[in-house]
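Worksheet for the structure shown next.
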Amino acid sequence: MKRYELPPLPYSYNALEPYIIEEIMRLHHDKHHQTYVNGANAALEKIEKHLKGEAQIDVRAVMRDFSFNYAGHIMHTIFWPNMAPPGKGGGTPGGVVADKINQAFGSFDKFKQLFTSVSATVEGVGWGVLAYDPLTDELRVLQVEKHNVLMTAGLIPILVLDVWEHAYYLQYKNNRASYIENWWNVVNWDDVEKRLNSAINHGKASLNL
Ligand code: MN
């Protein structure tokens, strides 16, 4: 089975300042994301040993571990390029992203309002997610707990916001709302558009449309 690796940040650690400080980015990327990569790989290791007859495992516990850590790896792998330095990031989307957002939510402002409140009200730890639904060719906003709970099967995330405390506490303390408001200044809409186009094509191919 394939092992996972920590992808490098697509910009320098201080590139998102003043909205997200270097210290957060270093810890978040080098420590937290690495932990999920290691956790997913450790679960795969156990499964492999089990299949070779070298180890008895608690299958349910290992699968739960894998789901949590693998989803953590996936979400962070999308999260980093979803952001870009102020100036390049921020503003409002155009093209197909704008069209799909208008179609699903009525307007960009309504989408922003929903995504903001969904992210602000995650209980404990989790993510705000904008995802493409290939079954209906629509965008959906999801509230995901941890990294994996309530992430609806088959939906393809194209914009994700980490609202675990490790994503903002060193700079924003308990003021998650302020972190979310500032985060909009570094959203990389070009990356979101790339992901949406790829999700649309993937959906068409997988459904034989
Ligand atoms: Mn995180």
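Here, A, B, ... name the chains of the structure tokens in the order displayed, residue numbers run from 1 inside each chain, and ligands are numbered from 1 in the same displayed order.
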
*asked:* Can you pull out the residues contacting range 6-11 of chain A? Cut-off 12 Å, using only C-alpha atoms, and skip same-chain residues under 2 positions away; I want them as a ChimeraX atom specification.
replied: /A:3-4,13-17,22,25-26,28-41,70,72-74,76-86,88,188,191

Item to check | Per-residue DSSP, range 29-201 of chain A, filtered to alpha helix (DSSP H), as a ChimeraX atom specification | outcome: /A:34-51,59-79,95-105,108-120,169-172,176-183,189-201

Mind running chain A against ligand 1 at 6 Å and telling me each contacting residue's nearest atom pair with the distance in Å (one decimal), counting only C-alpha atoms and all ligand atoms, chain and number ascending, as CSV?
residue,atom,partner,partner_atom_place_in_ligand_line,distance
A:Asp162,CA,ligand 1,1 (Mn),5.5
A:Trp164,CA,ligand 1,1 (Mn),5.9
A:Ala167,CA,ligand 1,1 (Mn),5.6

Exercise. Find the spatial neighbours of Leu139 in chain A, counting only C-alpha atoms, within a cut-off of 8 Å - ignore same-chain residues fewer than 4 positions away - and output them as a PyMOL selection string.
Key: chain A and resi 100-101+104+130-133

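Our summary of the geometry notes that CA of Val192 in chain A is positioned 19.8 Å from CA of Ala205 in chain A.
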
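Atom to atom, CA of Tyr172 in chain A and CA of Ser119 in chain A stand 15.1 Å apart.
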
All residues 9 Å or closer to Gly126 in chain A, only C-alpha atoms, same chain fewer than 3 positions away omitted, as an NGL selection string: :A and (119 or 122-123 or 143-149 or 161-164)

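Among the residues of range 61-199 of chain A, backbone DSSP assigns strand (DSSP E or B) to Met83, Pro86, Gly89, Gly126, Trp127, Gly128, Val129, Leu130, Ala131, Tyr132, Asp133, Glu138, Leu139, Arg140, Val141, Leu142, Gln143, Val144, Glu145, Val149, Ile156, Pro157, Ile158, Leu159, Val160, Leu161, Asp162 and Val187 of chain A.
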
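Closest approach to Val187 in chain A among A:Ala43, A:Ile20, A:Leu27, A:Leu135: A:Ile20, based on only C-alpha atoms.
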
note - CA of Arg140 in chain A and CA of Ala71 in chain A are separated by 18.4 Å
